[in-house]
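*Asks:* Let me give you the structure first, and then I'll get to my questions.
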Amino acid sequence: MGERSSGRRALITGITGQDGSYLAEFLLQQGYEVHGMVRRSSTESSERIAHIQEKLHLHQADLLDQGSLIELVRSAQPREIYNLAAQSFVPTSWAQPGLTGEFTGLGVTRMLEAVRLVDPGIRFYQASSSEMFGRTRETPQNEATPFHPRSPYGVAKAYGHHITVNYRESFGIFAASGILFNHESPRRGREFVTRKISEGVARIKLGLQSELRHGNLDSKRDWGYAPEYVRAMWLMLQQEKPADFVVGSGTHHTPREFAELAFAELNLDPADFLTHDPALLRPAEVDTLLADPSRAQKQLGWRAETGLAELVRIMVHADLEAQERISGRRRRGAGAR
Ligand code: NDP
Ligand code: GDP
C-alpha cells in the first residue's frame with residue numbers, strides 16, 4: 001500500500017473492472033493517491049490491477065450496503081469519486097433485473113448519499129451509458145437526445161443518470177454524468193461481443209476452439225478504445241461547472257464488420273467459423289448507436305483517437321499472446337507431470 005499524500009486523492013468504485021483499472025493507471029500517472037472499492041469475494045478478482053496493486057489503497061465495500069459506502073468515503077477522504085461499479089452486461093440484466101436495478105440504479109443513490117452525508121464538496125463522476133438512448137429518437141445522439149432504454153440495464157443506467165443530475169440540482173453537488181458509448185480493450189469482459197470475437201479468433205487460430213457462436217451481427221455500435229475514454233472522465237471533474245457529456249467516436253460499425261476484420265487479421269475466413277445461435281438474440285435489441293461528441297470536443301478538448309481497424313488489431317494480438325502463454329503453460333505443466 002502506498003503512503004498517504006496530501007495532494008490529490010481519488011476514489012474509484014469498480015476499480016477491478018476494465019475502466020477502473022485504466023483510470024487507476026491514469027490517475028497514478030497524474031500524481032493522485034488512488035483509493036479503490038472492492039467487494040468481498042472468496043476468490044481474488046484483481047487480475048486487471050495486479051500490476052499496480054501495491055500503489056493502490058483498496059477498501060472493502062458493496063454498492064448494496066449503504067453503511068459500507070459511508071464508511072468507505074469517510075476513511076478514503078477523496079476529493080473526487082469515480083462511480084464505475086455496476087452490473088454492466090446487458091443480457092445478465094434480463095436474467096437478474098432486480099439485482100441490476102439495485103447495483104446499477106440504486107447503487108448510484110447510495111454513493112451520492114455517502115457523498116452528501118460525509119462531504120458534499122467531493123466531485124462525483126457517474127458512469128452513464130449510451131444504452132440509455134436504446135431505441136434511438138435521433139441520430140447521432142447528443143446530451144439532449146431523449147432516452148428510450150431497451151433493457152433492465154439501460155433502465156437502471158437512466159435512473160442513475162437522473163439521480164446524479166438530481167443531486168446536482170438539489171444539493172449543489174459537483175456531479176457529472178459521462179454518457180459513454182461502447183469502449184473496448186484487451187481488458188474488456190470476455191462476454192462482450194468485441195472481446196468474445198478477439199479471444200475466439202485467437203483460440204481458433206491456435207486450434208483451441210472450432211467455432212464462434214454469435215447472436216445479431218447487424219446492430220451498430222460506436223466503439224472506441226477504453227484507455228482514451230477514462231481521460232474524458234477525469235477531464236469532466238476538472239471543469240469549472242459540473243455537466244453531462246456524450247463521449248464516443250462519432251463513427252459506428254456492426255459486430256459483423258468487427259468479426260471480419262478480426263478473422264482477416266489472423267488470415268482466417270469468418271465463413272468457416274461463425275455460427276449463428278438464436279439463444280444469443282436479445283428480447284429487445286438496441287439497433288444503432290452513434291455519438292455526437294461535439295460538446296466533449298469543444299469543452300473538454302477530448303476526441304477519440306483509435307479507429308476500428310487499430311482497435312481490432314490491438315485486441316486480437318493481445319488475445320493471441322495471452323492464449324499462447326496459457327497453452328504454453330499447460331503444455332509445460334503436462335510435460336512436468
Ligand atoms: P466492468 O464490468 O468491467 O466492471 C464493473 C466493476 O463493478 C467491477 O469492478 C465489479 O467488481 C464492480 N461491481 C459490480 N457490482 C458491484 C457491487 N455490488 N459492489 C461493488 N462493486 C461492484 O465494467 P467496465 O469497466 O466496462 O465499465 C465501467 C462502468 O462504465 C460500468 O458502470 C459500466 O456499466 C459503464 N459503462 C461502460 C461502457 C463500456 O463500453 N465499457 C459504456 C458505458 C458505460 P468485481 O470485479 O468484483 O466484479
Ligand atoms: P452492449 O452494446 O453493451 O450490449 O455490448 P455487447 O458487446 O454485449 O453487444 C454489442 C452488440 O453485439 C449487441 O447488438 C449484441 O446483440 C451483439 N451481439 C451479437 N452476438 C453477440 C454475442 O455473442 N455476445 C454479445 N455480448 N453480443 C452479441
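Naming scheme: A, B, ... for chains in displayed order of the C-alpha cells; residues 1 onward per chain; ligands 1 onward as shown.
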Neighbours of region 81-96 of chain A within 8 Å (only C-alpha atoms; same-chain residues fewer than 5 positions away dropped), as a ChimeraX atom specification?

*Replies:* /A:10-15,17,19-20,63,103-104,107-108,111,122-127,151-154,192,233,282

*Asks:* Write out the residues from the selection above, keeping N, CA, C and O atoms, as a compact mmCIF listing (two decimals), in the first residue's frame.

*Replies:*
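Once everything was written out, this is selection_5.txt:
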# COMPACT_ATOMS: atom_id res chain seq x y z
N ALA A 10 -8.27 10.38 -5.03
CA ALA A 10 -9.47 9.95 -5.75
C ALA A 10 -9.89 8.57 -5.28
O ALA A 10 -9.06 7.76 -4.86
N LEU A 11 -11.19 8.32 -5.36
CA LEU A 11 -11.75 7.00 -5.05
C LEU A 11 -12.45 6.47 -6.29
O LEU A 11 -13.25 7.18 -6.91
N ILE A 12 -12.12 5.23 -6.65
CA ILE A 12 -12.75 4.60 -7.82
C ILE A 12 -13.58 3.41 -7.33
O ILE A 12 -13.03 2.50 -6.71
N THR A 13 -14.87 3.42 -7.62
CA THR A 13 -15.65 2.19 -7.40
C THR A 13 -15.59 1.41 -8.72
O THR A 13 -15.55 2.01 -9.80
N GLY A 14 -15.53 0.08 -8.64
CA GLY A 14 -15.37 -0.69 -9.88
C GLY A 14 -13.93 -0.69 -10.35
O GLY A 14 -13.65 -0.82 -11.54
N ILE A 15 -12.98 -0.56 -9.41
CA ILE A 15 -11.56 -0.45 -9.78
C ILE A 15 -11.03 -1.75 -10.40
O ILE A 15 -10.06 -1.74 -11.14
N GLY A 17 -12.61 -3.47 -12.59
CA GLY A 17 -13.20 -3.62 -13.94
C GLY A 17 -12.28 -3.06 -15.01
O GLY A 17 -11.20 -2.54 -14.73
N ASP A 19 -12.61 -0.32 -17.02
CA ASP A 19 -12.36 1.13 -16.94
C ASP A 19 -11.65 1.50 -15.65
O ASP A 19 -10.77 2.37 -15.64
N GLY A 20 -12.04 0.86 -14.55
CA GLY A 20 -11.43 1.17 -13.26
C GLY A 20 -9.92 0.96 -13.29
O GLY A 20 -9.16 1.77 -12.76
N LEU A 63 -21.96 -1.93 -3.19
CA LEU A 63 -22.99 -0.99 -3.64
C LEU A 63 -24.35 -1.26 -2.97
O LEU A 63 -25.21 -0.39 -2.96
N PHE A 103 -27.79 -2.70 -8.12
CA PHE A 103 -26.37 -2.33 -8.32
C PHE A 103 -26.26 -1.06 -9.17
O PHE A 103 -25.63 -0.08 -8.80
N THR A 104 -26.86 -1.16 -10.35
CA THR A 104 -26.60 -0.18 -11.41
C THR A 104 -27.45 1.08 -11.25
O THR A 104 -27.05 2.16 -11.67
N GLY A 107 -27.61 1.74 -6.52
CA GLY A 107 -26.22 1.88 -6.06
C GLY A 107 -25.71 3.30 -6.23
O GLY A 107 -24.92 3.80 -5.42
N VAL A 108 -26.16 3.98 -7.28
CA VAL A 108 -25.73 5.36 -7.54
C VAL A 108 -26.26 6.28 -6.43
O VAL A 108 -25.54 7.14 -5.91
N MET A 111 -24.22 5.83 -3.34
CA MET A 111 -22.93 6.53 -3.41
C MET A 111 -23.15 8.03 -3.22
O MET A 111 -22.39 8.69 -2.50
N ILE A 122 -17.13 16.85 -2.33
CA ILE A 122 -16.47 15.86 -3.20
C ILE A 122 -17.03 15.97 -4.62
O ILE A 122 -18.24 16.12 -4.81
N ARG A 123 -16.16 15.89 -5.61
CA ARG A 123 -16.62 15.88 -7.01
C ARG A 123 -16.95 14.44 -7.42
O ARG A 123 -16.15 13.53 -7.14
N PHE A 124 -18.08 14.25 -8.09
CA PHE A 124 -18.62 12.91 -8.33
C PHE A 124 -18.80 12.68 -9.83
O PHE A 124 -19.44 13.48 -10.52
N TYR A 125 -18.26 11.57 -10.32
CA TYR A 125 -18.45 11.17 -11.72
C TYR A 125 -19.34 9.94 -11.77
O TYR A 125 -19.08 8.95 -11.08
N GLN A 126 -20.38 9.97 -12.59
CA GLN A 126 -21.24 8.81 -12.77
C GLN A 126 -21.04 8.22 -14.16
O GLN A 126 -21.10 8.94 -15.18
N ALA A 127 -20.84 6.88 -14.20
CA ALA A 127 -20.62 6.17 -15.46
C ALA A 127 -21.95 5.88 -16.14
O ALA A 127 -22.51 4.79 -16.00
N SER A 151 -33.35 -2.34 -22.15
CA SER A 151 -33.01 -3.48 -21.30
C SER A 151 -33.06 -3.01 -19.85
O SER A 151 -32.95 -1.80 -19.58
N PRO A 152 -33.21 -3.95 -18.91
CA PRO A 152 -33.16 -3.54 -17.49
C PRO A 152 -31.86 -2.80 -17.17
O PRO A 152 -31.85 -1.89 -16.33
N TYR A 153 -30.76 -3.13 -17.86
CA TYR A 153 -29.50 -2.39 -17.66
C TYR A 153 -29.69 -0.93 -18.08
O TYR A 153 -29.34 -0.01 -17.34
N GLY A 154 -30.24 -0.73 -19.28
CA GLY A 154 -30.44 0.65 -19.78
C GLY A 154 -31.37 1.44 -18.87
O GLY A 154 -31.14 2.62 -18.61
N PHE A 192 -18.53 -9.69 -23.69
CA PHE A 192 -18.94 -8.63 -24.62
C PHE A 192 -18.49 -9.01 -26.04
O PHE A 192 -17.49 -9.71 -26.22
N MET A 233 -13.31 11.02 -18.47
CA MET A 233 -13.96 11.04 -17.15
C MET A 233 -13.26 12.07 -16.25
O MET A 233 -13.88 12.88 -15.58
N ARG A 282 -31.37 -11.12 -28.25
CA ARG A 282 -31.89 -10.48 -27.04
C ARG A 282 -33.40 -10.24 -27.14
O ARG A 282 -33.91 -10.05 -28.26

*Asks:* Identify, on the basis of only C-alpha atoms, every residue whose closest approach to Ser294 (chain A) does not exceed 12 Å; exclude the query and any residue fewer than 6 positions from it along the same chain; express the result as a ChimeraX atom specification.

*Replies:* /A:140-143,245-250,300-304

*Asks:* Could you write out that same residue set with N, CA and C atoms as a CSV table (one decimal), in the first residue's frame?

*Replies:*
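Result file is again_17.csv:
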chain,number,residue,atom,x,y,z
A,140,PRO,N,-27.1,11.5,-35.0
A,140,PRO,CA,-26.5,10.9,-33.8
A,140,PRO,C,-27.1,11.4,-32.5
A,141,GLN,N,-26.6,10.8,-31.4
A,141,GLN,CA,-27.2,11.1,-30.1
A,141,GLN,C,-26.3,12.1,-29.4
A,142,ASN,N,-27.0,13.2,-28.8
A,142,ASN,CA,-26.2,14.1,-28.0
A,142,ASN,C,-26.8,14.2,-26.6
A,143,GLU,N,-26.3,15.1,-25.8
A,143,GLU,CA,-26.8,15.2,-24.4
A,143,GLU,C,-28.2,15.5,-24.3
A,245,PHE,N,-21.8,14.9,-20.4
A,245,PHE,CA,-21.1,14.8,-21.7
A,245,PHE,C,-21.3,13.5,-22.4
A,246,VAL,N,-21.6,13.6,-23.7
A,246,VAL,CA,-21.5,12.4,-24.5
A,246,VAL,C,-20.1,12.1,-25.0
A,247,VAL,N,-19.7,10.9,-24.8
A,247,VAL,CA,-18.3,10.6,-25.2
A,247,VAL,C,-18.3,9.4,-26.1
A,248,GLY,N,-17.8,9.6,-27.3
A,248,GLY,CA,-17.8,8.5,-28.3
A,248,GLY,C,-17.0,8.9,-29.5
A,249,SER,N,-16.9,8.1,-30.5
A,249,SER,CA,-16.0,8.4,-31.6
A,249,SER,C,-16.7,9.2,-32.8
A,250,GLY,N,-18.1,9.0,-32.9
A,250,GLY,CA,-18.8,9.7,-34.0
A,250,GLY,C,-18.8,8.8,-35.2
A,300,LEU,N,-14.1,19.9,-23.4
A,300,LEU,CA,-13.1,19.1,-22.8
A,300,LEU,C,-11.8,19.0,-23.6
A,301,GLY,N,-11.9,19.4,-24.9
A,301,GLY,CA,-10.8,19.2,-25.8
A,301,GLY,C,-10.5,17.7,-26.0
A,302,TRP,N,-11.5,16.9,-25.9
A,302,TRP,CA,-11.3,15.4,-26.0
A,302,TRP,C,-11.8,14.9,-27.3
A,303,ARG,N,-11.1,14.0,-27.9
A,303,ARG,CA,-11.6,13.3,-29.0
A,303,ARG,C,-11.0,11.9,-29.1
A,304,ALA,N,-11.8,10.9,-29.7
A,304,ALA,CA,-11.3,9.5,-29.8
A,304,ALA,C,-10.2,9.5,-30.9

*Asks:* Once you count only C-alpha atoms and all ligand atoms, which residues end up within 10 Å of ligand 2, and could you hand them over as a compact mmCIF listing (two decimals) with N, CA, C and O atoms, in the first residue's frame?

*Replies:*
# COMPACT_ATOMS: atom_id res chain seq x y z
N SER A 88 -22.77 -4.65 -15.43
CA SER A 88 -22.60 -3.89 -16.67
C SER A 88 -22.94 -4.67 -17.95
O SER A 88 -22.81 -4.13 -19.04
N PHE A 89 -23.39 -5.92 -17.81
CA PHE A 89 -23.62 -6.74 -19.01
C PHE A 89 -25.12 -6.81 -19.33
O PHE A 89 -25.91 -7.27 -18.49
N VAL A 90 -25.48 -6.36 -20.52
CA VAL A 90 -26.90 -6.23 -20.89
C VAL A 90 -27.68 -7.57 -20.77
O VAL A 90 -28.74 -7.60 -20.12
N PRO A 91 -27.22 -8.69 -21.34
CA PRO A 91 -28.02 -9.92 -21.23
C PRO A 91 -28.26 -10.36 -19.77
O PRO A 91 -29.35 -10.80 -19.42
N THR A 92 -27.26 -10.19 -18.91
CA THR A 92 -27.45 -10.55 -17.49
C THR A 92 -28.57 -9.71 -16.87
O THR A 92 -29.23 -10.13 -15.93
N SER A 129 -24.43 5.62 -19.68
CA SER A 129 -24.20 4.76 -20.85
C SER A 129 -25.08 5.13 -22.03
O SER A 129 -26.24 5.53 -21.87
N SER A 130 -24.55 4.93 -23.23
CA SER A 130 -25.33 5.14 -24.45
C SER A 130 -26.52 4.19 -24.52
O SER A 130 -27.46 4.43 -25.28
N GLU A 131 -26.49 3.10 -23.71
CA GLU A 131 -27.64 2.17 -23.68
C GLU A 131 -28.91 2.89 -23.22
O GLU A 131 -30.01 2.40 -23.44
N GLY A 134 -31.13 3.65 -26.20
CA GLY A 134 -31.90 2.48 -26.62
C GLY A 134 -32.49 2.55 -28.01
O GLY A 134 -31.76 2.57 -29.00
N SER A 151 -33.35 -2.34 -22.15
CA SER A 151 -33.01 -3.48 -21.30
C SER A 151 -33.06 -3.01 -19.85
O SER A 151 -32.95 -1.80 -19.58
N TYR A 153 -30.76 -3.13 -17.86
CA TYR A 153 -29.50 -2.39 -17.66
C TYR A 153 -29.69 -0.93 -18.08
O TYR A 153 -29.34 -0.01 -17.34
N GLY A 154 -30.24 -0.73 -19.28
CA GLY A 154 -30.44 0.65 -19.78
C GLY A 154 -31.37 1.44 -18.87
O GLY A 154 -31.14 2.62 -18.61
N PHE A 181 -20.20 5.92 -24.90
CA PHE A 181 -20.54 4.90 -25.88
C PHE A 181 -19.56 3.74 -25.68
O PHE A 181 -18.57 3.87 -24.97
N ASN A 182 -19.85 2.60 -26.31
CA ASN A 182 -19.05 1.38 -26.06
C ASN A 182 -17.56 1.65 -26.23
O ASN A 182 -17.15 2.22 -27.24
N HIS A 183 -16.79 1.19 -25.26
CA HIS A 183 -15.33 1.28 -25.39
C HIS A 183 -14.72 -0.03 -24.92
O HIS A 183 -15.15 -0.64 -23.96
N GLU A 184 -13.72 -0.44 -25.65
CA GLU A 184 -13.23 -1.82 -25.59
C GLU A 184 -11.72 -1.81 -25.39
O GLU A 184 -11.07 -0.78 -25.54
N ARG A 188 -11.45 -5.84 -21.70
CA ARG A 188 -12.91 -5.88 -21.76
C ARG A 188 -13.39 -7.24 -21.26
O ARG A 188 -12.74 -8.27 -21.48
N GLY A 189 -14.53 -7.27 -20.59
CA GLY A 189 -15.12 -8.54 -20.14
C GLY A 189 -15.26 -9.50 -21.31
O GLY A 189 -15.62 -9.09 -22.42
N ARG A 190 -14.96 -10.78 -21.07
CA ARG A 190 -14.92 -11.77 -22.16
C ARG A 190 -16.27 -12.03 -22.82
O ARG A 190 -16.34 -12.59 -23.91
N GLU A 191 -17.38 -11.64 -22.17
CA GLU A 191 -18.69 -11.94 -22.72
C GLU A 191 -19.17 -10.86 -23.69
O GLU A 191 -20.13 -11.07 -24.43
N PHE A 192 -18.53 -9.69 -23.69
CA PHE A 192 -18.94 -8.63 -24.62
C PHE A 192 -18.49 -9.01 -26.04
O PHE A 192 -17.49 -9.71 -26.22
N VAL A 193 -19.24 -8.52 -27.05
CA VAL A 193 -19.05 -9.09 -28.39
C VAL A 193 -17.64 -8.90 -28.94
O VAL A 193 -17.07 -9.81 -29.56
N THR A 194 -17.04 -7.74 -28.70
CA THR A 194 -15.70 -7.48 -29.27
C THR A 194 -14.67 -8.45 -28.69
O THR A 194 -13.90 -9.06 -29.41
N ARG A 195 -14.71 -8.60 -27.36
CA ARG A 195 -13.71 -9.46 -26.70
C ARG A 195 -14.00 -10.93 -27.00
O ARG A 195 -13.08 -11.74 -27.17
N LYS A 196 -15.31 -11.25 -27.08
CA LYS A 196 -15.67 -12.63 -27.42
C LYS A 196 -15.08 -12.97 -28.80
O LYS A 196 -14.55 -14.07 -29.02
N ILE A 197 -15.15 -12.01 -29.71
CA ILE A 197 -14.61 -12.23 -31.05
C ILE A 197 -13.08 -12.29 -31.01
O ILE A 197 -12.48 -13.23 -31.55
N LEU A 212 -17.25 -19.88 -33.58
CA LEU A 212 -17.58 -18.70 -32.79
C LEU A 212 -19.09 -18.51 -32.86
O LEU A 212 -19.62 -18.16 -33.91
N ARG A 213 -19.76 -18.76 -31.75
CA ARG A 213 -21.22 -18.63 -31.71
C ARG A 213 -21.59 -17.17 -31.46
O ARG A 213 -20.96 -16.50 -30.65
N HIS A 214 -22.60 -16.71 -32.17
CA HIS A 214 -22.97 -15.30 -32.05
C HIS A 214 -24.46 -15.10 -32.21
O HIS A 214 -25.17 -15.99 -32.72
N GLY A 215 -24.93 -13.91 -31.80
CA GLY A 215 -26.33 -13.52 -31.99
C GLY A 215 -26.44 -12.58 -33.18
O GLY A 215 -25.94 -12.88 -34.27
N ASN A 216 -27.05 -11.41 -32.94
CA ASN A 216 -27.31 -10.44 -34.01
C ASN A 216 -26.02 -9.68 -34.38
O ASN A 216 -25.50 -8.91 -33.58
N LEU A 217 -25.56 -9.90 -35.60
CA LEU A 217 -24.31 -9.24 -36.02
C LEU A 217 -24.56 -7.95 -36.79
O LEU A 217 -23.63 -7.35 -37.33
N ASP A 218 -25.83 -7.53 -36.89
CA ASP A 218 -26.15 -6.39 -37.74
C ASP A 218 -26.49 -5.10 -37.00
O ASP A 218 -26.83 -4.09 -37.62
N SER A 219 -26.41 -5.14 -35.65
CA SER A 219 -26.60 -3.89 -34.91
C SER A 219 -25.39 -2.98 -35.18
O SER A 219 -24.38 -3.44 -35.72
N LYS A 220 -25.51 -1.72 -34.78
CA LYS A 220 -24.38 -0.79 -34.97
C LYS A 220 -23.97 -0.21 -33.63
O LYS A 220 -24.83 0.21 -32.84
N ARG A 221 -22.66 -0.20 -33.39
CA ARG A 221 -22.14 0.37 -32.15
C ARG A 221 -21.02 1.36 -32.46
O ARG A 221 -20.24 1.15 -33.40
N ASP A 222 -20.95 2.39 -31.62
CA ASP A 222 -19.89 3.40 -31.73
C ASP A 222 -18.78 2.96 -30.78
O ASP A 222 -18.81 3.23 -29.59
N TRP A 223 -17.79 2.21 -31.33
CA TRP A 223 -16.74 1.62 -30.49
C TRP A 223 -15.50 2.49 -30.44
O TRP A 223 -15.01 2.96 -31.48
N THR A 254 -20.77 -2.53 -37.39
CA THR A 254 -21.52 -3.69 -36.92
C THR A 254 -20.56 -4.73 -36.31
O THR A 254 -19.38 -4.77 -36.66
N PRO A 255 -21.10 -5.60 -35.43
CA PRO A 255 -20.28 -6.72 -34.95
C PRO A 255 -19.76 -7.56 -36.12
O PRO A 255 -18.67 -8.13 -36.05
N ARG A 256 -20.53 -7.63 -37.20
CA ARG A 256 -20.06 -8.39 -38.38
C ARG A 256 -18.76 -7.79 -38.93
O ARG A 256 -17.81 -8.51 -39.23
N PHE A 258 -16.63 -6.01 -37.27
CA PHE A 258 -15.59 -6.29 -36.27
C PHE A 258 -15.06 -7.70 -36.47
O PHE A 258 -13.84 -7.94 -36.49
N THR A 275 -20.99 -19.16 -36.25
CA THR A 275 -22.20 -19.99 -36.11
C THR A 275 -23.27 -19.18 -35.43
O THR A 275 -23.11 -18.73 -34.28
N HIS A 276 -24.39 -18.98 -36.13
CA HIS A 276 -25.49 -18.22 -35.53
C HIS A 276 -26.19 -19.06 -34.47
O HIS A 276 -26.51 -20.22 -34.70
N ASP A 277 -26.39 -18.46 -33.29
CA ASP A 277 -27.05 -19.16 -32.19
C ASP A 277 -28.25 -18.31 -31.74
O ASP A 277 -28.06 -17.26 -31.11
N PRO A 278 -29.48 -18.74 -32.05
CA PRO A 278 -30.65 -17.94 -31.70
C PRO A 278 -30.75 -17.65 -30.20
O PRO A 278 -31.33 -16.64 -29.79
N ALA A 279 -30.13 -18.49 -29.37
CA ALA A 279 -30.17 -18.27 -27.91
C ALA A 279 -29.43 -16.99 -27.52
O ALA A 279 -29.61 -16.46 -26.43
N LEU A 280 -28.58 -16.49 -28.44
CA LEU A 280 -27.82 -15.27 -28.13
C LEU A 280 -28.53 -14.00 -28.62
O LEU A 280 -28.00 -12.89 -28.46
N LEU A 281 -29.73 -14.17 -29.20
CA LEU A 281 -30.51 -12.98 -29.57
C LEU A 281 -31.15 -12.43 -28.29
O LEU A 281 -31.44 -13.17 -27.36
N ARG A 282 -31.37 -11.12 -28.25
CA ARG A 282 -31.89 -10.48 -27.04
C ARG A 282 -33.40 -10.24 -27.14
O ARG A 282 -33.91 -10.05 -28.26
N PRO A 283 -34.10 -10.20 -26.01
CA PRO A 283 -35.55 -9.94 -26.04
C PRO A 283 -35.88 -8.61 -26.72
O PRO A 283 -36.92 -8.46 -27.34
N ALA A 284 -34.99 -7.62 -26.58
CA ALA A 284 -35.14 -6.34 -27.28
C ALA A 284 -33.72 -5.87 -27.61
O ALA A 284 -32.84 -5.96 -26.78
N GLU A 285 -33.54 -5.40 -28.84
CA GLU A 285 -32.20 -5.02 -29.29
C GLU A 285 -32.09 -3.50 -29.38
O GLU A 285 -33.08 -2.80 -29.61
N VAL A 286 -30.89 -3.01 -29.17
CA VAL A 286 -30.56 -1.62 -29.49
C VAL A 286 -29.91 -1.67 -30.87
O VAL A 286 -28.81 -2.19 -31.02
N ASP A 287 -30.63 -1.20 -31.89
CA ASP A 287 -30.18 -1.43 -33.26
C ASP A 287 -28.99 -0.56 -33.66
O ASP A 287 -28.09 -1.01 -34.35
N THR A 288 -29.03 0.70 -33.24
CA THR A 288 -27.97 1.58 -33.72
C THR A 288 -27.64 2.67 -32.72
O THR A 288 -28.54 3.34 -32.19
N LEU A 289 -26.36 2.81 -32.44
CA LEU A 289 -25.90 3.88 -31.55
C LEU A 289 -24.79 4.65 -32.28
O LEU A 289 -23.90 4.05 -32.89

*Asks:* Check region 92-261 of chain A with DSSP on the backbone and list each residue it calls alpha helix (DSSP H), as JSON, numbers by chain.

*Replies:* {"A": [92, 93, 94, 95, 97, 98, 99, 100, 107, 108, 109, 110, 111, 112, 113, 114, 115, 116, 117, 118, 152, 153, 154, 155, 156, 157, 158, 159, 160, 161, 162, 163, 164, 165, 166, 167, 168, 169, 170, 171, 193, 194, 195, 196, 197, 198, 199, 200, 201, 202, 203, 204, 205, 226, 227, 228, 229, 230, 231, 232, 233, 234, 235, 236, 237, 255, 256, 257, 258, 259, 260, 261]}

*Asks:* Using only C-alpha atoms, determine which residues lie at most 9 Å from Leu72 (chain A), disregarding the query and same-chain residues fewer than 2 positions distant; provide the list as a list in words.

*Replies:* Met37, His59, Gln60, Ala61, Gly67, Ser68, Leu69, Ile70, Arg74, Ser75, Ala76, Gln77 and Ala114 of chain A

*Asks:* Output the selection as a compact mmCIF listing (two decimals), in the first residue's frame - N, CA, C and O atoms for each residue.

*Replies:*
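Dumped to part-v7.txt:
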# COMPACT_ATOMS: atom_id res chain seq x y z
N MET A 37 -12.61 0.79 -4.37
CA MET A 37 -13.56 -0.05 -3.64
C MET A 37 -13.57 -1.44 -4.27
O MET A 37 -13.68 -1.57 -5.49
N HIS A 59 -10.28 -0.75 -0.40
CA HIS A 59 -11.21 -0.82 0.73
C HIS A 59 -12.35 -1.74 0.34
O HIS A 59 -12.86 -1.65 -0.76
N GLN A 60 -12.78 -2.57 1.29
CA GLN A 60 -13.95 -3.42 1.00
C GLN A 60 -15.24 -2.67 1.30
O GLN A 60 -15.41 -2.08 2.36
N ALA A 61 -16.14 -2.71 0.31
CA ALA A 61 -17.49 -2.15 0.49
C ALA A 61 -18.34 -2.72 -0.63
O ALA A 61 -17.82 -3.38 -1.54
N GLY A 67 -24.19 1.53 4.65
CA GLY A 67 -23.22 1.80 5.72
C GLY A 67 -21.79 1.63 5.25
O GLY A 67 -20.91 2.43 5.58
N SER A 68 -21.57 0.59 4.45
CA SER A 68 -20.20 0.34 3.98
C SER A 68 -19.72 1.47 3.06
O SER A 68 -18.54 1.83 3.05
N LEU A 69 -20.65 2.08 2.31
CA LEU A 69 -20.26 3.16 1.40
C LEU A 69 -19.94 4.44 2.17
O LEU A 69 -19.00 5.17 1.84
N ILE A 70 -20.73 4.69 3.21
CA ILE A 70 -20.46 5.88 4.04
C ILE A 70 -19.09 5.73 4.71
O ILE A 70 -18.25 6.65 4.68
N ARG A 74 -15.75 8.02 4.21
CA ARG A 74 -15.15 8.60 5.42
C ARG A 74 -13.66 8.24 5.53
O ARG A 74 -12.83 9.08 5.81
N SER A 75 -13.34 6.99 5.29
CA SER A 75 -11.94 6.60 5.53
C SER A 75 -11.03 6.96 4.34
O SER A 75 -9.87 7.30 4.55
N ALA A 76 -11.55 6.96 3.12
CA ALA A 76 -10.69 7.30 1.98
C ALA A 76 -10.49 8.81 1.84
O ALA A 76 -9.48 9.26 1.30
N GLN A 77 -11.47 9.59 2.30
CA GLN A 77 -11.43 11.07 2.20
C GLN A 77 -11.02 11.57 0.81
O GLN A 77 -10.08 12.35 0.67
N ALA A 114 -23.74 8.85 0.33
CA ALA A 114 -22.49 8.83 1.09
C ALA A 114 -21.76 10.16 0.90
O ALA A 114 -21.23 10.74 1.86

*Asks:* Which residue out of A:Thr164, A:Ser177, A:Ser45, A:Gln30 has the minimum interatomic distance to ligand 1 when only C-alpha atoms and all ligand atoms are used?

*Replies:*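 Closest candidate: A:Ser45.
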
*Asks:* Rank nothing, just name the residue among A:Phe133, A:Pro78, A:Gly101, A:Asp269 nearest to Asp119 (chain A), using only C-alpha atoms.

*Replies:*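 Closest candidate: A:Pro78.
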
*Asks:* Quick one: residues within 9 Å of region 307-309 of chain A, only C-alpha atoms, excluding same-chain residues fewer than 2 positions away - as a list of chain:residue names?

*Replies:*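 Returned residues: A:Trp223, A:Gly224, A:Tyr225, A:Ser249, A:Thr251, A:His252, A:His253, A:Phe258, A:Leu261, A:Ala262, A:Ala304, A:Glu305, A:Leu311, A:Val312, A:Arg313, A:Ile314.
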
*Asks:* Please write the residues from the selection above to a file, keeping C-alpha atoms, as an mmCIF file, in the first residue's frame.

*Replies:*
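Saved to result.cif:
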data_model
loop_
_atom_site.group_PDB
_atom_site.id
_atom_site.type_symbol
_atom_site.label_atom_id
_atom_site.label_comp_id
_atom_site.auth_asym_id
_atom_site.auth_seq_id
_atom_site.Cartn_x
_atom_site.Cartn_y
_atom_site.Cartn_z
ATOM 1 C CA TRP A 223 -16.743 1.620 -30.494
ATOM 2 C CA GLY A 224 -13.669 3.322 -29.064
ATOM 3 C CA TYR A 225 -10.529 2.394 -27.133
ATOM 4 C CA SER A 249 -16.025 8.411 -31.650
ATOM 5 C CA THR A 251 -18.422 6.574 -36.184
ATOM 6 C CA HIS A 252 -20.214 3.246 -35.944
ATOM 7 C CA HIS A 253 -19.833 -0.314 -37.206
ATOM 8 C CA PHE A 258 -15.591 -6.290 -36.272
ATOM 9 C CA LEU A 261 -11.542 -7.563 -39.509
ATOM 10 C CA ALA A 262 -10.593 -9.851 -36.611
ATOM 11 C CA ALA A 304 -11.307 9.541 -29.796
ATOM 12 C CA GLU A 305 -8.027 8.668 -31.496
ATOM 13 C CA LEU A 311 -8.746 -1.438 -32.063
ATOM 14 C CA VAL A 312 -9.315 -4.857 -33.637
ATOM 15 C CA ARG A 313 -5.563 -5.269 -34.177
ATOM 16 C CA ILE A 314 -4.760 -4.381 -30.556
#

*Asks:* Considering only C-alpha atoms and all ligand atoms, can you say which of A:Arg135, A:Lys55, A:Arg187, A:His35 comes closest to ligand 1?

*Replies:*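 Between A:Arg135, A:Lys55, A:Arg187, A:His35, the residue approaching ligand 1 most closely is A:Arg187.
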
*Asks:* Can you measure CA of Gln209 (chain A) to CA of Phe273 (chain A) for me? One decimal in Å is fine.

*Replies:* 9.5 Å

*Asks:* Identify which of the residues A:Gly333, A:Pro186, A:Gly200, A:Gly207 lies closest to ligand 1, counting only C-alpha atoms and all ligand atoms when measuring atom-to-atom distances.

*Replies:* A:Pro186

*Asks:* Name the residues of region 161-259 of chain A that come out as strand (DSSP E or B) in a backbone DSSP run; write them as a ChimeraX atom specification.

*Replies:* /A:175-180,183-184,212-214,220-221,224-225,244-247,253
